[in-house]
Structures are given as C-alpha cells and as structure tokens.
$ cat work_6.txt   # compact mmCIF, C-alpha atoms
# COMPACT_ATOMS: atom_id res chain seq x y z
CA MET A 1 72.84 86.18 65.86
CA PRO A 2 71.75 85.07 69.33
CA ILE A 3 69.39 82.15 69.70
CA HIS A 4 65.95 82.67 71.18
CA GLU A 5 63.38 80.24 72.41
CA TYR A 6 59.95 80.46 70.84
CA GLN A 7 56.63 78.85 71.38
CA VAL A 8 54.82 78.29 68.10
CA VAL A 9 51.17 77.30 68.02
CA GLY A 10 49.54 76.15 64.79
CA ARG A 11 46.91 73.94 63.29
CA HIS A 12 45.43 72.76 60.02
CA VAL A 13 43.16 75.33 58.38
CA PRO A 14 39.54 74.57 59.39
CA THR A 15 37.69 72.84 56.57
CA GLU A 16 34.13 71.64 56.01
CA ARG A 17 35.19 68.14 56.91
CA GLU A 18 37.11 69.21 60.05
CA ALA A 19 35.82 72.44 61.56
CA ASN A 20 37.91 72.17 64.73
CA PRO A 21 41.35 70.83 63.80
CA LYS A 22 43.78 69.76 66.48
CA ILE A 23 46.08 72.51 67.75
CA TYR A 24 49.79 71.81 68.00
CA ARG A 25 52.29 73.65 70.17
CA MET A 26 56.06 73.44 69.87
CA ARG A 27 58.98 74.97 71.76
CA LEU A 28 61.77 75.83 69.36
CA PHE A 29 65.18 77.41 69.42
CA ALA A 30 65.67 79.80 66.56
CA GLU A 31 67.33 83.07 65.66
CA THR A 32 64.10 84.84 64.79
CA SER A 33 60.40 84.09 64.94
CA ILE A 34 60.50 83.61 61.16
CA HIS A 35 63.01 80.79 61.56
CA ALA A 36 60.90 79.36 64.38
CA LYS A 37 57.79 79.21 62.19
CA SER A 38 59.77 77.56 59.42
CA ARG A 39 61.14 74.92 61.80
CA PHE A 40 57.62 74.41 63.20
CA TRP A 41 56.37 73.31 59.79
CA TYR A 42 59.52 71.25 59.19
CA PHE A 43 59.05 69.24 62.37
CA LEU A 44 55.28 69.09 62.24
CA SER A 45 55.27 67.70 58.71
CA LYS A 46 57.44 64.85 60.01
CA ILE A 47 54.90 64.00 62.72
CA VAL A 48 51.53 64.58 61.09
CA LYS A 49 50.34 65.01 57.55
CA MET A 50 50.26 68.73 57.41
CA LYS A 51 52.19 71.44 55.64
CA LYS A 52 52.48 75.18 55.57
CA ALA A 53 50.13 75.54 52.60
CA THR A 54 47.31 73.73 54.42
CA GLY A 55 48.01 75.03 57.90
CA GLU A 56 47.98 78.23 59.85
CA ILE A 57 50.08 79.67 62.65
CA LEU A 58 47.95 80.84 65.54
CA ASN A 59 50.61 82.34 67.73
CA VAL A 60 54.37 82.82 68.02
CA SER A 61 55.73 84.07 71.29
CA GLU A 62 59.15 84.18 72.80
CA ILE A 63 59.87 82.18 75.97
CA PHE A 64 62.15 83.96 78.39
CA GLU A 65 64.29 82.43 81.08
CA ALA A 66 62.66 82.55 84.50
CA LYS A 67 65.92 83.05 86.40
CA PRO A 68 68.53 84.39 84.00
CA THR A 69 71.10 85.09 86.72
CA LYS A 70 71.27 81.61 88.25
CA VAL A 71 73.78 79.06 86.97
CA LYS A 72 72.05 75.83 86.00
CA ASN A 73 73.04 72.46 84.60
CA PHE A 74 71.31 71.60 81.36
CA GLY A 75 71.04 68.20 79.77
CA VAL A 76 70.46 68.28 76.02
CA PHE A 77 69.22 65.29 74.06
CA LEU A 78 69.74 65.65 70.37
CA ARG A 79 69.89 63.83 67.12
CA TYR A 80 72.25 64.72 64.35
CA ASN A 81 73.39 63.52 60.98
CA SER A 82 77.08 62.85 60.72
CA ARG A 83 78.82 62.01 57.47
CA SER A 84 78.13 58.32 58.05
CA GLY A 85 74.78 58.15 59.82
CA THR A 86 72.32 59.48 62.36
CA HIS A 87 73.15 59.57 66.06
CA ASN A 88 71.25 60.28 69.23
CA ILE A 89 73.43 61.89 71.86
CA TYR A 90 73.21 63.47 75.26
CA LYS A 91 75.28 66.48 76.28
CA GLU A 92 75.55 68.59 79.40
CA TYR A 93 76.19 72.30 79.71
CA ARG A 94 76.37 74.79 82.54
CA ASP A 95 74.79 78.10 81.67
CA LEU A 96 72.42 80.80 82.83
CA THR A 97 69.80 80.24 80.17
CA ARG A 98 68.42 77.45 78.04
CA CYS A 99 69.29 79.50 74.97
CA GLY A 100 72.86 79.85 76.23
CA ALA A 101 73.14 76.10 76.64
CA ILE A 102 71.76 75.55 73.16
CA ALA A 103 74.23 78.07 71.72
CA GLN A 104 77.05 76.17 73.45
CA MET A 105 75.68 72.94 72.04
CA TYR A 106 75.63 74.25 68.46
CA ASP A 107 79.21 75.49 68.85
CA GLU A 108 80.38 72.19 70.28
CA MET A 109 78.55 70.12 67.67
CA ALA A 110 80.15 72.20 64.93
CA SER A 111 83.63 71.89 66.40
CA ARG A 112 83.70 68.31 67.68
CA HIS A 113 81.38 66.64 65.23
CA SER A 114 81.39 68.96 62.21
CA ALA A 115 77.61 69.02 62.50
CA ARG A 116 75.87 72.13 61.24
CA GLU A 117 72.69 73.58 62.61
CA LYS A 118 70.52 72.16 59.85
CA SER A 119 71.59 68.60 60.61
CA ILE A 120 70.80 68.85 64.33
CA HIS A 121 67.40 68.14 65.88
CA ILE A 122 67.04 69.10 69.52
CA ILE A 123 64.95 66.35 71.09
CA ASP A 124 64.81 67.74 74.59
CA ILE A 125 66.57 70.13 76.92
CA LYS A 126 66.04 70.09 80.62
CA GLU A 127 67.50 71.60 83.69
CA ILE A 128 69.02 68.84 85.80
CA ALA A 129 69.83 68.71 89.49
CA ALA A 130 73.51 68.62 90.40
CA LYS A 131 73.38 65.03 91.62
CA LEU A 132 71.84 63.82 88.38
CA THR A 133 74.60 65.20 86.16
CA ARG A 134 76.54 62.53 84.34
CA ARG A 135 79.48 64.13 82.58
CA ALA A 136 82.81 64.47 84.42
CA ASN A 137 83.37 67.91 82.91
CA THR A 138 80.10 69.14 84.44
CA LYS A 139 80.67 67.45 87.79
CA GLN A 140 84.03 69.05 88.44
CA PHE A 141 82.46 72.51 88.47
CA LEU A 142 79.67 71.68 90.92
CA ASP A 143 81.95 72.03 93.95
CA SER A 144 81.22 75.31 95.78
CA GLY A 145 84.78 75.33 97.11
CA ILE A 146 86.17 75.23 93.60
CA LYS A 147 89.60 76.82 93.30
CA PHE A 148 92.02 76.82 90.42
CA PRO A 149 94.84 79.07 89.25
CA LEU A 150 95.11 80.64 85.84
CA THR A 151 98.24 79.44 84.15
CA HIS A 152 100.08 81.06 81.29
CA ARG A 153 98.23 84.34 81.30
CA VAL A 154 98.89 86.34 78.19
CA PRO A 155 98.18 89.98 78.95
CA LYS A 156 95.19 91.19 77.04
CA THR A 157 96.08 94.30 75.09
CA LEU A 158 93.53 96.61 73.61
CA PRO A 159 93.46 96.59 69.81
CA GLN A 160 94.95 100.08 69.59
CA PHE A 161 97.94 99.01 71.70
CA LYS A 162 98.71 95.78 69.87
CA LYS A 163 102.18 95.56 68.43
CA THR A 164 104.19 93.04 66.45
CA PHE A 165 107.46 93.47 68.31
CA SER A 166 108.09 94.11 71.96
CA ALA A 167 111.16 95.25 73.84
CA ALA A 168 110.26 93.33 76.95
CA ARG A 169 109.34 89.68 77.33
CA PRO A 170 105.79 89.31 78.72
CA ASN A 171 105.19 87.99 82.19
CA THR A 172 102.84 85.04 81.82
CA PHE A 173 102.08 84.05 85.41
CA MET B 1 102.54 69.95 96.34
CA ILE B 2 103.08 73.58 97.17
CA SER B 3 101.63 75.74 94.44
CA LYS B 4 103.60 78.69 93.20
CA PHE B 5 100.32 80.36 92.36
CA SER B 6 98.81 82.71 94.86
CA LEU B 7 95.74 83.89 92.96
CA PHE B 8 92.91 81.53 92.20
CA VAL B 9 89.61 81.55 90.45
CA GLU B 10 87.28 80.92 93.37
CA ILE B 11 83.94 82.07 94.67
CA GLY B 12 84.33 85.47 96.34
CA ARG B 13 87.48 86.44 94.42
CA VAL B 14 87.55 90.09 93.40
CA VAL B 15 88.47 90.50 89.75
CA LEU B 16 89.21 93.39 87.46
CA ILE B 17 87.64 93.28 84.05
CA ASN B 18 90.28 94.22 81.50
CA TYR B 19 88.47 94.05 78.21
CA GLY B 20 85.16 94.88 76.60
CA PRO B 21 82.44 97.30 77.64
CA LEU B 22 83.10 96.76 81.37
CA LEU B 23 86.77 97.68 81.00
CA ASN B 24 88.49 98.61 84.28
CA LYS B 25 85.55 97.73 86.52
CA THR B 26 85.89 95.40 89.44
CA ALA B 27 83.48 92.59 90.28
CA ILE B 28 83.19 89.51 92.45
CA ILE B 29 83.11 85.92 91.24
CA ILE B 30 79.77 84.47 92.29
CA ASP B 31 79.89 81.17 90.44
CA VAL B 32 82.14 79.22 88.10
CA LEU B 33 80.42 77.89 85.00
CA ASP B 34 83.29 76.06 83.35
CA GLN B 35 86.99 76.45 82.81
CA ASN B 36 86.50 79.49 80.61
CA ARG B 37 83.62 81.39 82.13
CA VAL B 38 82.61 82.77 85.49
CA LEU B 39 79.53 84.55 86.79
CA VAL B 40 80.49 87.92 88.22
CA HIS B 41 78.60 90.66 90.00
CA GLY B 42 79.70 94.10 91.16
CA PRO B 43 76.70 95.85 92.73
CA THR B 44 78.84 98.76 93.95
CA THR B 45 80.85 99.11 90.74
CA GLY B 46 78.08 99.01 88.16
CA VAL B 47 78.68 95.46 86.95
CA GLU B 48 75.43 93.59 86.60
CA ARG B 49 75.36 89.89 87.32
CA GLN B 50 76.63 88.31 84.15
CA ILE B 51 78.92 85.76 82.59
CA VAL B 52 82.45 86.94 81.84
CA ASN B 53 85.12 85.01 80.05
CA ILE B 54 88.15 84.28 82.22
CA LYS B 55 90.34 85.69 79.46
CA TRP B 56 88.71 89.05 80.09
CA ILE B 57 89.53 89.28 83.78
CA THR B 58 92.55 89.91 85.97
CA LEU B 59 92.51 88.26 89.39
CA THR B 60 93.25 90.55 92.33
CA LYS B 61 94.60 89.54 95.71
CA LEU B 62 91.28 90.37 97.39
CA THR B 63 88.61 87.85 98.29
CA ILE B 64 85.41 88.20 100.26
CA LYS B 65 83.35 85.57 101.97
CA VAL B 66 80.26 84.88 99.91
CA GLN B 67 78.34 81.75 99.13
CA ARG B 68 78.07 80.41 95.64
CA GLY B 69 75.26 82.13 93.79
CA ALA B 70 74.81 84.59 96.68
CA ARG B 71 71.93 86.99 96.18
CA LEU B 72 72.24 90.75 96.14
CA ALA B 73 71.44 91.34 99.82
CA SER B 74 73.98 88.88 101.22
CA LEU B 75 76.54 90.01 98.68
CA MET B 76 76.08 93.61 99.76
CA THR B 77 76.51 92.73 103.46
CA ALA B 78 79.67 90.77 102.61
CA ILE B 79 81.02 93.75 100.65
CA LYS B 80 80.25 96.12 103.51
CA ALA B 81 81.67 93.74 106.13
CA ALA B 82 84.93 93.50 104.19
CA ASP B 83 85.04 97.27 103.50
CA LEU B 84 85.70 96.15 99.97
CA ASP B 85 85.37 99.43 98.07
CA ASN B 86 88.16 101.04 100.09
CA LYS B 87 90.37 97.98 99.76
CA VAL B 88 89.82 97.89 96.03
CA ALA B 89 90.75 101.56 95.74
CA GLN B 90 94.03 100.76 97.52
CA LEU B 91 95.06 98.13 94.97
CA ASN B 92 98.03 99.17 92.84
CA LEU B 93 96.23 97.90 89.78
CA VAL B 94 93.24 100.14 90.50
CA LYS B 95 95.37 103.11 91.53
CA LYS B 96 97.11 103.06 88.16
CA ILE B 97 93.79 102.96 86.36
CA THR B 98 92.29 105.84 88.35
CA ALA B 99 95.46 107.88 87.85
CA ALA B 100 95.30 107.28 84.11
CA SER B 101 91.62 108.15 83.90
CA ASP B 102 92.16 111.28 86.03
CA LYS B 103 94.92 112.36 83.69
CA ALA B 104 92.78 111.72 80.63
CA ALA B 105 90.01 113.86 82.13
CA LEU B 106 92.20 116.95 82.57
CA THR B 107 91.24 120.19 80.84
CA ASP B 108 93.59 122.09 78.56
CA PHE B 109 94.49 124.54 81.32
CA ALA B 110 95.06 121.72 83.80
CA ARG B 111 97.36 120.02 81.31
CA PHE B 112 99.26 123.31 80.97
CA LYS B 113 99.62 123.58 84.75
CA LEU B 114 100.71 119.97 84.90
CA ARG B 115 103.40 120.66 82.29
CA LEU B 116 104.74 123.63 84.28
CA ALA B 117 104.71 121.70 87.55
CA LYS B 118 106.43 118.75 85.89
CA SER B 119 109.15 120.96 84.39
CA LYS B 120 109.67 122.62 87.78
CA VAL B 121 110.23 119.25 89.42
CA ASN B 122 112.40 118.01 86.56
CA LYS B 123 114.58 121.12 86.69
CA LYS B 124 115.19 120.63 90.39
CA VAL B 125 115.96 116.94 89.95
CA ASN B 126 118.27 117.61 87.01
CA ASN B 127 120.06 120.31 89.00
CA GLU B 128 120.78 117.91 91.84
CA VAL B 129 121.86 115.19 89.41
CA ARG B 130 124.13 117.64 87.62
CA LYS B 131 125.72 118.63 90.93
CA LEU B 132 126.46 115.01 91.82
CA VAL B 133 127.83 114.23 88.36
CA ASN B 134 130.08 117.29 88.38
CA GLU B 135 131.35 116.42 91.81
CA ALA B 136 132.13 112.87 90.70
CA ASN B 137 133.90 114.14 87.57
CA ARG B 138 135.97 116.58 89.59
CA ASN B 139 137.00 113.85 92.01
CA SER B 140 137.97 111.41 89.31
CA HIS B 141 139.97 114.17 87.55
CA LYS B 142 141.81 114.96 90.76
CA LYS B 143 142.60 111.26 91.20
CA MET B 144 143.97 111.04 87.65
CA VAL B 145 146.18 114.09 88.16
CA ALA B 146 147.51 112.68 91.42
CA GLN B 147 148.27 109.32 89.83
CA LYS B 148 149.95 110.99 86.85
CA ALA B 149 152.19 112.95 89.21
CA LYS B 150 153.29 109.66 90.75
CA GLY B 151 153.98 108.27 87.26
CA HIS B 152 151.53 105.39 87.64
CA VAL B 153 149.68 106.02 84.44
CA LYS B 154 151.16 104.47 81.33
CA LYS B 155 151.52 106.73 78.35
CA THR B 156 149.47 105.69 75.38
CA LYS B 157 150.64 106.23 71.82
$ encode --input "work_6.txt" --output "structure tokens"
Amino acid sequence: MPIHEYQVVGRHVPTEREANPKIYRMRLFAETSIHAKSRFWYFLSKIVKMKKATGEILNVSEIFEAKPTKVKNFGVFLRYNSRSGTHNIYKEYRDLTRCGAIAQMYDEMASRHSAREKSIHIIDIKEIAAKLTRRANTKQFLDSGIKFPLTHRVPKTLPQFKKTFSAARPNTF
Amino acid sequence: MISKFSLFVEIGRVVLINYGPLLNKTAIIIDVLDQNRVLVHGPTTGVERQIVNIKWITLTKLTIKVQRGARLASLMTAIKAADLDNKVAQLNLVKKITAASDKAALTDFARFKLRLAKSKVNKKVNNEVRKLVNEANRNSHKKMVAQKAKGHVKKTK
C-alpha cells in the first residue's frame, strides 16, 4: 500500500479543570488516516501525558506534494531499533515526493538493516539543496551532464512470452 | 578509454517504454534520479511526467537538446525543433511496433485479403525458386553424365 503524508491535530478532552487544552499537530507518514491517528497517539503519549482514551482528534488531513514532478533531494533523519540497540541515522534519497523518499527509506531500512516499519521513528525529513547533500551516492546524480551506459541488458519479455528454453542466445548489450 | 557503448542514459535521450501500462510509448529522459530510475516525459506521445525504472525502458539512438527538469513549454519547442515525432516514427524499433499493432487491428475480411495477397506473393517466389533449383539440378546432372562418359567417376559397390 502506498504511503501518504497526513497532518493529525488532536488535544486532551476539555475538562472542568482545563477547559482549553493545548492543541497538538503532527505530520505523519502512514498508509491510511487510521494508521496516522494511531501513530499520533503513539508518539504523543511519549511526549506528553495523554492517551487516546483521554484525548480527541480534531482533524486529519492529507498533505500533498507541492511540486510532484520535480526531482528533489531529501534528507531523512530517523531512529531505529536494531537487534542490539537504538541508532540515530541520516539518509539521503532523490525522489519526486516526500512520500516517495519515505517509501525508499523503509525499503532500504528493511534490506540493509533488517529494520521493520514498527521499529523506525522518522525524526525529520527535509528537502535539501544540491550543495548541501552529503552522501556520495546522491552527489553523483546531481550532474546535469550525467551520462552512463546500460550494461548487460536482459531483454524484458512480457509474461505471456516467457519461456524456459530458447533457441537463440540473447544479446545483452 | 573508448567505450563500446553508443547509447547512454542522459538528459534528452529518447526512450521506448517496453513494459507496463505505457508499453510501446516513447518518452524523453528529463532527469536521472538514481541508477535505477529516471524521470521521463512524452507530451506528444501521451506519457505524463513520471518516474520509470530503467529496466522498463529501451534506449533509442535519438536525443534532443533539453535542460534537466525542463518544463513543458521548453520541452515542446525542443521536440518541434528536432522534428522528433517524425524521427521517432522512422526508428526500426518503432516501425516494427506500429506494423505489429496495425496487423493486430485488422478485421476478419482484411485478414482474409492479407492471406490471399501473401499466398499470391509466395506462389510467385516459390515459382522462381523452383525454376532456379530445377536449372541447377539439370546442370549438375549434365555434368555427372559428362564425367561418367569420360570414366572419371568411380563405381561404388
């Protein structure tokens, strides 16, 4: 399921003691608004003494990318639990949307660090200017004169034309 | 080092999409995201600006001069300046695809006519081939007979 970005606004239920409780707003990446609300209470209960039973959600709205056709560099700060401890790390991705970058991040964290979604907290994600990028893998794609060949191309066959044996050796360049 | 490669992933390269919902459509590389993905756009071919995996594209020999992340207007002028749509239609890769799709779109009657036309051509070709083969056979037979008369051919048991 694709990841969406949500803004969740909530507060403690007004009581006699506190008629105007403080309102909290959070930007979250989640598959659905239901997930987003759940994560809102998860994170909020870590910060302030409040829980779902004593709170209320005022608004959930999706945040859309302002320019979803422009390639941007995203820096993601996150914290995750590995098998041996908790780590804060910084990663960079090139993508069209913040959600796309986050999806890449979840994939990479799962593959490189065996970290699942539930053990990852996104601390911050921001679009960064080209000159402020840090990772070599990001930097090499910033060049507007970029040029590279595609080596060992295996012809893509449609599923209905796939076969186990072939009479002719494929041409891979 | 001289590269043996002649086609490159670069900004302005015309590519053919060979998989997925945009199958057989051409587009232009507008930006390179990473080693696996490029941003393509084909305003004249019905490809919206989007990310495509490099595994899903075939590079063509055509390139046009566009800037990285070029917007629609400048992309369109570049396409027009290069007369791209005509050039794309001339590509062997594209010709094959259009021929295949034309054939697939034939009606029953058109298929029937095609069959007759094809058999007409094949008959003519086969006739000519037959003539040549017969001629060659006759000649080789004559040669054999002549050699036999001279006693050059050994008798086999």
$ closest_atom_pairs --input "work_6.txt" --of "chain B" --to "chain A" --cutoff "8 Å" --atoms "only C-alpha atoms" --output "tab-separated table"
residue	atom	partner	partner_atom	distance
B:Phe5	CA	A:Pro149	CA	6.4
B:Ser6	CA	A:Pro149	CA	7.8
B:Leu7	CA	A:Pro149	CA	6.1
B:Phe8	CA	A:Pro149	CA	4.3
B:Val9	CA	A:Phe148	CA	5.3
B:Glu10	CA	A:Lys147	CA	4.7
B:Ile11	CA	A:Gly145	CA	7.2
B:Asn18	CA	A:Lys156	CA	7.3
B:Tyr19	CA	A:Leu158	CA	7.3
B:Asp31	CA	A:Val71	CA	7.3
B:Val32	CA	A:Phe141	CA	6.7
B:Leu33	CA	A:Arg94	CA	5.7
B:Asp34	CA	A:Phe141	CA	6.3
B:Leu39	CA	A:Val71	CA	8.0
B:Arg49	CA	A:Thr69	CA	6.4
B:Gln50	CA	A:Thr69	CA	6.9
B:Lys55	CA	A:Lys156	CA	7.7
B:Trp56	CA	A:Lys156	CA	7.5
B:Gln67	CA	A:Ser144	CA	7.8
B:Arg68	CA	A:Ser144	CA	6.0
B:Gly69	CA	A:Lys70	CA	6.8
$ residues_around --input "work_6.txt" --residues "range 108-123 of chain A" --least-positions-apart "4" --cutoff "9 Å" --atoms "all atoms listed in the file" --output "VMD selection string"
chain A and resid 28 to 29 76 to 83 88 102 to 104
$ write_last_selection --input "work_6.txt" --atoms "C-alpha atoms" --output "compact mmCIF listing (two decimals), in the frame of the given file"
# COMPACT_ATOMS: atom_id res chain seq x y z
CA LEU A 28 61.77 75.83 69.36
CA PHE A 29 65.18 77.41 69.42
CA VAL A 76 70.46 68.28 76.02
CA PHE A 77 69.22 65.29 74.06
CA LEU A 78 69.74 65.65 70.37
CA ARG A 79 69.89 63.83 67.12
CA TYR A 80 72.25 64.72 64.35
CA ASN A 81 73.39 63.52 60.98
CA SER A 82 77.08 62.85 60.72
CA ARG A 83 78.82 62.01 57.47
CA ASN A 88 71.25 60.28 69.23
CA ILE A 102 71.76 75.55 73.16
CA ALA A 103 74.23 78.07 71.72
CA GLN A 104 77.05 76.17 73.45
$ atom_distance --input "work_6.txt" --atom1 "CA of Asp102 in chain B" --atom2 "CA of Arg115 in chain B"
15.1 Å
$ axis_aligned_box --input "work_6.txt" --around "range 134-150 of chain A" --padding-each-side "6 Å" --output "AutoDock Vina command-line options"
--center_x 85.8 --center_y 71.6 --center_z 89.8 --size_x 30.6 --size_y 30.1 --size_z 26.5
$ atom_distance --input "work_6.txt" --atom1 "CA of Lys52 in chain A" --atom2 "CA of Ser38 in chain A"
8.6 Å
$ closest_residue --input "work_6.txt" --among "A:Val13, A:Ala167, A:Ala36, A:Ala101" --to "Thr54 in chain A" --atoms "only C-alpha atoms"
A:Val13
